[in-house]
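A.B. asks: Compact mmCIF, C-alpha atoms (C1' of nucleotides), file final24.txt:
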# COMPACT_ATOMS: atom_id res chain seq x y z
CA MET A 1 55.75 -71.77 -17.66
CA ALA A 2 57.80 -70.40 -14.91
CA LYS A 3 60.90 -72.11 -13.92
CA VAL A 4 60.94 -75.74 -14.79
CA ARG A 5 62.44 -76.68 -11.49
CA HIS A 6 62.76 -80.19 -12.70
CA SER A 7 66.18 -80.80 -14.10
CA ARG A 8 64.54 -83.00 -16.60
CA PHE A 9 64.84 -81.44 -19.96
CA ASP A 10 67.60 -83.45 -21.50
CA CYS A 11 65.72 -83.74 -24.72
CA SER A 12 66.26 -86.51 -27.10
CA PRO A 13 63.34 -87.82 -29.07
CA GLY A 14 60.93 -88.80 -26.37
CA CYS A 15 61.81 -85.67 -24.53
CA SER A 16 58.30 -84.38 -24.58
CA VAL A 17 57.23 -87.52 -22.80
CA GLU A 18 59.72 -86.82 -20.09
CA ALA A 19 58.85 -83.17 -19.97
CA ALA A 20 55.17 -83.94 -19.72
CA ILE A 21 55.77 -86.40 -16.94
CA GLY A 22 57.98 -83.90 -15.23
CA LEU A 23 54.95 -81.72 -14.73
CA ILE A 24 52.86 -84.38 -13.09
CA ASP A 25 55.33 -86.35 -11.09
CA GLY A 26 55.73 -85.17 -7.56
CA LYS A 27 54.15 -87.54 -5.18
CA TRP A 28 50.71 -86.03 -5.20
CA LYS A 29 50.31 -83.98 -8.31
CA SER A 30 48.61 -86.53 -10.46
CA VAL A 31 46.13 -87.33 -7.73
CA ILE A 32 45.32 -83.69 -7.13
CA LEU A 33 44.97 -83.10 -10.82
CA PHE A 34 42.76 -86.09 -11.15
CA HIS A 35 40.41 -84.92 -8.46
CA LEU A 36 40.30 -81.46 -9.93
CA LEU A 37 38.93 -83.01 -13.09
CA SER A 38 35.67 -83.28 -11.22
CA GLY A 39 35.57 -79.63 -10.42
CA THR A 40 36.90 -76.81 -8.32
CA LEU A 41 38.10 -77.64 -4.85
CA ARG A 42 39.13 -75.69 -1.80
CA PHE A 43 42.34 -76.23 0.06
CA ASN A 44 40.86 -78.22 2.90
CA GLU A 45 38.62 -80.17 0.61
CA ILE A 46 41.67 -81.54 -1.10
CA ARG A 47 43.20 -82.33 2.23
CA LYS A 48 40.17 -84.34 3.16
CA ILE A 49 40.25 -86.22 -0.10
CA ILE A 50 43.91 -87.06 0.26
CA PRO A 51 44.44 -87.39 3.99
CA ASN A 52 47.91 -88.90 3.72
CA MET A 53 49.30 -85.72 2.30
CA THR A 54 50.59 -83.05 4.67
CA GLN A 55 49.52 -79.48 4.16
CA ARG A 56 53.06 -78.55 3.38
CA MET A 57 53.06 -80.96 0.50
CA LEU A 58 49.67 -79.83 -0.66
CA THR A 59 50.81 -76.24 -0.77
CA ASN A 60 53.99 -77.26 -2.53
CA GLN A 61 52.43 -79.30 -5.22
CA LEU A 62 49.69 -76.77 -5.71
CA ARG A 63 52.21 -73.99 -6.11
CA GLU A 64 54.32 -75.90 -8.57
CA MET A 65 51.37 -76.78 -10.68
CA GLU A 66 50.23 -73.22 -10.57
CA ASP A 67 53.67 -72.12 -11.71
CA ASP A 68 53.50 -74.65 -14.47
CA GLY A 69 50.18 -73.24 -15.52
CA LEU A 70 48.22 -76.38 -14.84
CA ILE A 71 45.90 -75.00 -12.22
CA SER A 72 44.28 -71.73 -11.28
CA ARG A 73 44.16 -70.31 -7.80
CA LYS A 74 41.31 -68.07 -6.87
CA VAL A 75 41.51 -66.20 -3.60
CA TYR A 76 38.43 -64.70 -2.04
CA ALA A 77 39.28 -61.75 0.16
CA GLN A 78 37.15 -62.82 3.05
CA VAL A 79 37.39 -62.96 6.78
CA PRO A 80 37.70 -66.70 6.90
CA PRO A 81 39.98 -67.11 3.95
CA LYS A 82 38.67 -69.03 1.01
CA VAL A 83 40.82 -70.27 -1.82
CA GLU A 84 39.62 -72.30 -4.72
CA TYR A 85 41.71 -74.40 -7.00
CA SER A 86 40.65 -75.44 -10.44
CA LEU A 87 42.18 -76.70 -13.63
CA SER A 88 43.45 -74.11 -16.04
CA PRO A 89 42.82 -74.74 -19.72
CA LEU A 90 46.27 -76.27 -19.87
CA GLY A 91 45.50 -78.48 -16.92
CA ARG A 92 42.20 -79.46 -18.45
CA SER A 93 44.02 -80.41 -21.62
CA MET A 94 45.81 -82.94 -19.48
CA GLU A 95 42.57 -84.83 -19.02
CA PRO A 96 43.22 -87.49 -21.66
CA VAL A 97 46.55 -88.24 -20.07
CA LEU A 98 45.10 -88.49 -16.60
CA LEU A 99 42.30 -90.67 -17.85
CA ALA A 100 44.68 -92.91 -19.76
CA LEU A 101 46.72 -93.26 -16.63
CA LYS A 102 43.71 -94.08 -14.51
CA GLN A 103 42.35 -96.59 -16.97
CA TRP A 104 45.67 -98.27 -17.27
CA GLY A 105 46.02 -98.44 -13.54
CA ASP A 106 42.54 -99.78 -13.03
CA ALA A 107 43.00 -102.34 -15.74
CA ASN A 108 46.48 -103.55 -14.97
CA LEU A 109 47.20 -102.98 -11.35
CA GLY A 110 45.33 -105.10 -8.88
CA LEU A 111 44.63 -102.30 -6.50
CA TYR A 112 41.08 -103.19 -5.76
CA GLY A 113 41.32 -106.91 -5.42
CA LYS A 114 41.51 -107.53 -9.11
CA PRO A 115 43.71 -110.38 -10.21
CA LYS A 116 46.22 -108.20 -12.03
CA ILE A 117 48.44 -109.35 -14.84
CA ALA A 118 49.34 -112.93 -14.10
CA ASN A 119 49.41 -113.96 -17.72
CA PRO A 120 51.63 -112.53 -20.45
CA ASP A 121 49.15 -113.35 -23.16
CA GLU A 122 46.57 -111.50 -21.17
CA ALA A 123 48.17 -108.20 -20.53
CA ALA A 124 45.30 -105.77 -20.73
CA SER A 125 42.28 -107.90 -20.41
CA ALA A 126 40.42 -105.27 -18.44
CA ASP A 127 36.95 -106.57 -18.53
CA SER A 128 36.00 -103.85 -16.17
CA VAL A 129 37.29 -100.34 -15.81
CA GLY A 130 34.57 -97.86 -15.38
CA ALA A 131 34.94 -94.82 -17.55
CA MET B 1 54.64 -107.44 -10.33
CA ALA B 2 57.40 -107.77 -7.86
CA LYS B 3 57.95 -105.34 -5.15
CA VAL B 4 56.53 -101.97 -5.74
CA ARG B 5 59.47 -100.21 -4.25
CA HIS B 6 57.65 -96.95 -4.52
CA SER B 7 56.00 -96.05 -1.30
CA ARG B 8 53.25 -94.67 -3.33
CA PHE B 9 50.22 -96.76 -2.82
CA ASP B 10 48.27 -94.64 -0.43
CA CYS B 11 45.10 -95.27 -2.33
CA SER B 12 42.23 -92.94 -2.28
CA PRO B 13 40.15 -92.55 -5.38
CA GLY B 14 42.68 -91.54 -7.95
CA CYS B 15 45.04 -94.03 -6.50
CA SER B 16 45.37 -95.94 -9.71
CA VAL B 17 46.56 -92.76 -11.35
CA GLU B 18 49.25 -92.45 -8.77
CA ALA B 19 50.11 -96.10 -8.93
CA ALA B 20 50.37 -96.00 -12.69
CA ILE B 21 52.60 -92.99 -12.56
CA GLY B 22 54.66 -94.67 -9.91
CA LEU B 23 55.69 -97.22 -12.47
CA ILE B 24 56.87 -94.74 -15.02
CA ASP B 25 58.36 -91.99 -12.98
CA GLY B 26 62.03 -92.40 -12.35
CA LYS B 27 63.98 -89.96 -14.34
CA TRP B 28 64.39 -92.07 -17.45
CA LYS B 29 61.72 -94.71 -17.44
CA SER B 30 59.23 -92.98 -19.60
CA VAL B 31 61.85 -92.17 -22.18
CA ILE B 32 63.14 -95.71 -22.28
CA LEU B 33 59.64 -97.05 -22.54
CA PHE B 34 58.86 -94.63 -25.26
CA HIS B 35 61.82 -95.69 -27.33
CA LEU B 36 61.00 -99.32 -26.80
CA LEU B 37 57.66 -98.68 -28.44
CA SER B 38 59.58 -98.66 -31.69
CA GLY B 39 61.04 -102.05 -31.07
CA THR B 40 63.57 -104.13 -29.24
CA LEU B 41 66.78 -102.44 -28.20
CA ARG B 42 70.09 -103.56 -26.83
CA PHE B 43 71.69 -102.09 -23.78
CA ASN B 44 74.16 -99.92 -25.61
CA GLU B 45 71.64 -98.88 -28.16
CA ILE B 46 69.59 -97.31 -25.44
CA ARG B 47 72.68 -95.64 -24.08
CA LYS B 48 73.32 -94.09 -27.45
CA ILE B 49 69.78 -92.88 -27.72
CA ILE B 50 69.84 -91.32 -24.27
CA PRO B 51 73.42 -90.20 -23.79
CA ASN B 52 72.75 -88.16 -20.68
CA MET B 53 71.90 -91.22 -18.72
CA THR B 54 74.66 -93.13 -16.96
CA GLN B 55 74.84 -96.88 -17.32
CA ARG B 56 74.11 -97.23 -13.66
CA MET B 57 70.84 -95.44 -14.13
CA LEU B 58 70.03 -97.38 -17.25
CA THR B 59 70.55 -100.66 -15.45
CA ASN B 60 68.53 -99.41 -12.52
CA GLN B 61 65.56 -98.23 -14.45
CA LEU B 62 65.66 -101.28 -16.67
CA ARG B 63 65.68 -103.57 -13.67
CA GLU B 64 62.85 -101.80 -11.97
CA MET B 65 60.72 -101.90 -15.04
CA GLU B 66 61.53 -105.53 -15.48
CA ASP B 67 60.48 -106.16 -11.89
CA ASP B 68 57.30 -104.28 -12.56
CA GLY B 69 56.67 -106.45 -15.55
CA LEU B 70 56.83 -103.65 -18.07
CA ILE B 71 59.75 -104.92 -20.08
CA SER B 72 61.34 -108.19 -21.05
CA ARG B 73 65.02 -108.93 -20.88
CA LYS B 74 66.46 -111.46 -23.25
CA VAL B 75 70.01 -112.58 -22.70
CA TYR B 76 71.92 -114.32 -25.43
CA ALA B 77 74.59 -116.60 -24.03
CA GLN B 78 77.30 -115.42 -26.32
CA VAL B 79 80.92 -114.55 -26.10
CA PRO B 80 80.34 -110.86 -26.53
CA PRO B 81 77.26 -110.60 -24.36
CA LYS B 82 74.09 -109.54 -26.00
CA VAL B 83 71.01 -108.47 -24.14
CA GLU B 84 67.85 -107.28 -25.71
CA TYR B 85 65.13 -105.29 -24.07
CA SER B 86 61.62 -105.14 -25.31
CA LEU B 87 58.19 -104.25 -24.05
CA SER B 88 56.26 -106.96 -22.32
CA PRO B 89 52.54 -107.18 -23.08
CA LEU B 90 51.98 -105.08 -20.00
CA GLY B 91 54.50 -102.54 -21.16
CA ARG B 92 52.93 -102.51 -24.58
CA SER B 93 49.57 -101.86 -22.97
CA MET B 94 51.12 -98.69 -21.70
CA GLU B 95 51.35 -97.38 -25.22
CA PRO B 96 48.22 -95.21 -25.08
CA VAL B 97 49.53 -93.56 -21.97
CA LEU B 98 52.94 -92.93 -23.44
CA LEU B 99 51.41 -91.61 -26.60
CA ALA B 100 49.02 -89.36 -24.71
CA LEU B 101 51.93 -88.03 -22.75
CA LYS B 102 53.98 -87.41 -25.86
CA GLN B 103 51.14 -85.75 -27.67
CA TRP B 104 50.40 -83.54 -24.76
CA GLY B 105 54.03 -82.60 -24.46
CA ASP B 106 54.38 -81.86 -28.14
CA ALA B 107 51.21 -79.86 -28.17
CA ASN B 108 51.61 -77.89 -25.00
CA LEU B 109 55.25 -77.59 -24.18
CA GLY B 110 57.28 -75.41 -26.47
CA LEU B 111 60.16 -77.82 -26.73
CA TYR B 112 60.59 -77.61 -30.43
CA GLY B 113 59.66 -74.03 -31.02
CA LYS B 114 55.99 -74.84 -31.27
CA PRO B 115 53.55 -72.21 -30.07
CA LYS B 116 52.02 -74.32 -27.30
CA ILE B 117 48.59 -73.85 -25.80
CA ALA B 118 47.17 -71.21 -28.04
CA ASN B 119 44.82 -70.01 -25.41
CA PRO B 120 44.96 -67.58 -22.57
CA ASP B 121 47.70 -65.10 -22.99
CA GLU B 122 49.26 -66.44 -19.87
CA ALA B 123 49.18 -70.14 -20.47
CA ALA B 124 52.79 -70.14 -21.43
CA SER B 125 55.28 -67.92 -23.11
CA ALA B 126 57.76 -70.22 -24.69
CA ASP B 127 61.21 -69.03 -23.99
CA SER B 128 62.58 -71.21 -21.25
CA VAL B 129 63.95 -74.63 -21.93
CA GLY B 130 67.27 -74.36 -23.57
CA ALA B 131 67.24 -77.97 -24.69
C1' DC C 1 40.83 -71.41 6.69
C1' DA C 2 44.86 -71.51 4.31
C1' DG C 3 48.95 -71.21 4.57
C1' DT C 4 54.52 -70.48 6.36
C1' DA C 5 58.65 -71.70 8.62
C1' DT C 6 62.03 -75.21 10.27
C1' DC C 7 64.12 -79.27 10.76
C1' DC C 8 65.32 -83.71 9.23
C1' DA C 9 65.67 -88.41 6.98
C1' DG C 10 65.84 -91.15 2.98
C1' DG C 11 66.51 -92.16 -1.38
C1' DA C 12 67.02 -90.96 -6.24
C1' DG C 13 70.35 -90.17 -9.15
C1' DG C 14 75.25 -88.59 -10.73
C1' DA C 15 80.46 -89.76 -11.23
C1' DT C 16 83.84 -93.03 -11.51
C1' DA C 17 86.22 -97.42 -11.52
C1' DC C 18 86.23 -102.28 -12.10
C1' DT C 19 84.64 -107.10 -14.35
C1' DG C 20 82.79 -111.71 -16.48
C1' DC D 1 79.15 -105.78 -24.32
C1' DA D 2 76.62 -105.32 -20.41
C1' DG D 3 76.79 -104.80 -16.31
C1' DT D 4 78.52 -104.15 -10.73
C1' DA D 5 80.35 -101.78 -6.92
C1' DT D 6 81.18 -97.45 -4.25
C1' DC D 7 80.82 -93.08 -2.88
C1' DC D 8 78.53 -88.87 -2.46
C1' DT D 9 75.21 -84.98 -3.11
C1' DC D 10 71.03 -82.88 -3.38
C1' DC D 11 66.23 -82.82 -3.49
C1' DT D 12 61.80 -84.68 -2.20
C1' DG D 13 58.85 -85.20 1.06
C1' DG D 14 57.42 -86.13 6.13
C1' DA D 15 56.62 -84.07 10.98
C1' DT D 16 55.68 -80.33 13.67
C1' DA D 17 54.72 -75.67 15.16
C1' DC D 18 53.29 -71.07 14.26
C1' DT D 19 50.21 -67.16 11.82
C1' DG D 20 47.32 -63.50 9.11
What is this structure when it is put down as structure tokens?
C.D. replies:
Amino acid sequence: MAKVRHSRFDCSPGCSVEAAIGLIDGKWKSVILFHLLSGTLRFNEIRKIIPNMTQRMLTNQLREMEDDGLISRKVYAQVPPKVEYSLSPLGRSMEPVLLALKQWGDANLGLYGKPKIANPDEAASADSVGA
Amino acid sequence: MAKVRHSRFDCSPGCSVEAAIGLIDGKWKSVILFHLLSGTLRFNEIRKIIPNMTQRMLTNQLREMEDDGLISRKVYAQVPPKVEYSLSPLGRSMEPVLLALKQWGDANLGLYGKPKIANPDEAASADSVGA
DNA sequence: CAGTATCCAGGAGGATACTG
DNA sequence: CAGTATCCTCCTGGATACTG
């Protein structure tokens, strides 16, 4: 589990929630993780998928998640370097969380032109939501 | 849904994951939310539950979540002020996420002396986290 | 291709004091 | 009781340039 660079482990009941979130905060981690759910990806593939992220950030987030044991890094000793990133078993075990997050976002945030919340008595109507 | 002060809506597929996380990051939000799952709480009650958090932070996080529509704030016009915080329907709809997070944390982080992942020998070797 | 190395700005979050 | 108001620090993350 490496270092826990997050200063987040204050621990009261609910601590594990915080701790869990601590591993997937970071501006891009959740997105990277989410895309890795679909399978192994190479460095530049991720960059293409998430163009707004600089390579510095990609490396950072990737390294932290690797340290946290969420992802695996496979380096092929080749002339044109090739590095593949994939979910570790621990990272894969995060799938329900990621999916819950995605579903909630799809259902309750109006990111794709959906009408979002609007009505208290209608919180999670979510007639749609693929998945 | 107010302002979305997070600069986080870059939106690529997986965006909703990011967006959803954006609402519950903040050092204490998830913990507050989690405790509110159990019921309405007053300002100072929350402070007691999460002693490490300053009142400034509590107010901050509370306000942001209120702006995001996750919680409701009920003020009683009394001599000794009384303010109650509770989950809004939207906040309540976050329950599966919070629970998934908590379960994952309990299962995979060794915060309470649990053995965590039970898989590859590397996954994690509980020893860090002084709590 | 897959990173490192530097530099830099902004904002999150902590400490402390005051108030309706 | 339930906040505000200030001040200040550090860390996150963006931009850019270089490399094995």
A.B. asks: With all atoms listed in the file considered, list every residue of chain D at most 9 Å from chain A, as a PDB file with C-alpha atoms (C1' of nucleotides), in the coordinates of the input.
C.D. replies:
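Writing the result to part_24.pdb gives the following:
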ATOM      1  C1'  DT D  12      61.800 -84.680  -2.200  1.00  0.00           C
ATOM      2  C1'  DG D  13      58.850 -85.200   1.060  1.00  0.00           C
ATOM      3  C1'  DG D  14      57.420 -86.130   6.130  1.00  0.00           C
ATOM      4  C1'  DA D  15      56.620 -84.070  10.980  1.00  0.00           C
TER       5       DA D  15
END
A.B. asks: Could you list, as a ChimeraX atom specification, every residue of chain B that has an atom within 6 Å of an atom of chain A, counting only C-alpha atoms?
C.D. replies: /B:14,16-17,20,31,89-90,97,100-102,105-106,123-124,131
A.B. asks: Excluding C:DC18 and residues on its chain fewer than 5 positions from it, collect all residues at most 12 Å away from it, counting all atoms listed in the file, and give them as JSON, numbers by chain.
C.D. replies: {"D": [3, 4, 5, 6]}
A.B. asks: Would you export the selected residues with C-alpha atoms (C1' of nucleotides) as a CSV table (one decimal), keeping the file's coordinate frame, please?
C.D. replies:
chain,number,residue,atom,x,y,z
D,3,DG,C1',76.8,-104.8,-16.3
D,4,DT,C1',78.5,-104.2,-10.7
D,5,DA,C1',80.4,-101.8,-6.9
D,6,DT,C1',81.2,-97.4,-4.2
A.B. asks: Extract, using all atoms listed in the file, all DNA, RNA and protein residues at most 12 Å from D:DT9, discarding same-chain residues fewer than 4 positions from it, and format them as a list in words.
C.D. replies: DG11, DA12, DG13, DG14 and DA15 of chain C
A.B. asks: Kindly provide the residues of chain A that approach chain C to within 8 Å, each paired with its closest atom pair and their distance in Å to one decimal, based on only C-alpha atoms (C1' of nucleotides), listed by chain and increasing number, as JSON lines.
C.D. replies:
{"residue": "A:Phe43", "atom": "CA", "partner": "C:DA2", "partner_atom": "C1'", "distance": 6.8}
{"residue": "A:Asn44", "atom": "CA", "partner": "C:DC1", "partner_atom": "C1'", "distance": 7.8}
{"residue": "A:Thr59", "atom": "CA", "partner": "C:DG3", "partner_atom": "C1'", "distance": 7.6}
{"residue": "A:Pro80", "atom": "CA", "partner": "C:DC1", "partner_atom": "C1'", "distance": 5.7}
{"residue": "A:Pro81", "atom": "CA", "partner": "C:DC1", "partner_atom": "C1'", "distance": 5.2}
{"residue": "A:Lys82", "atom": "CA", "partner": "C:DC1", "partner_atom": "C1'", "distance": 6.5}
{"residue": "A:Val83", "atom": "CA", "partner": "C:DA2", "partner_atom": "C1'", "distance": 7.4}
A.B. asks: Between atom CA of B:Val79 and atom CA of B:Lys48, what distance in Å does the model show, to one decimal?
C.D. replies: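 These two atoms are separated by 21.9 Å.
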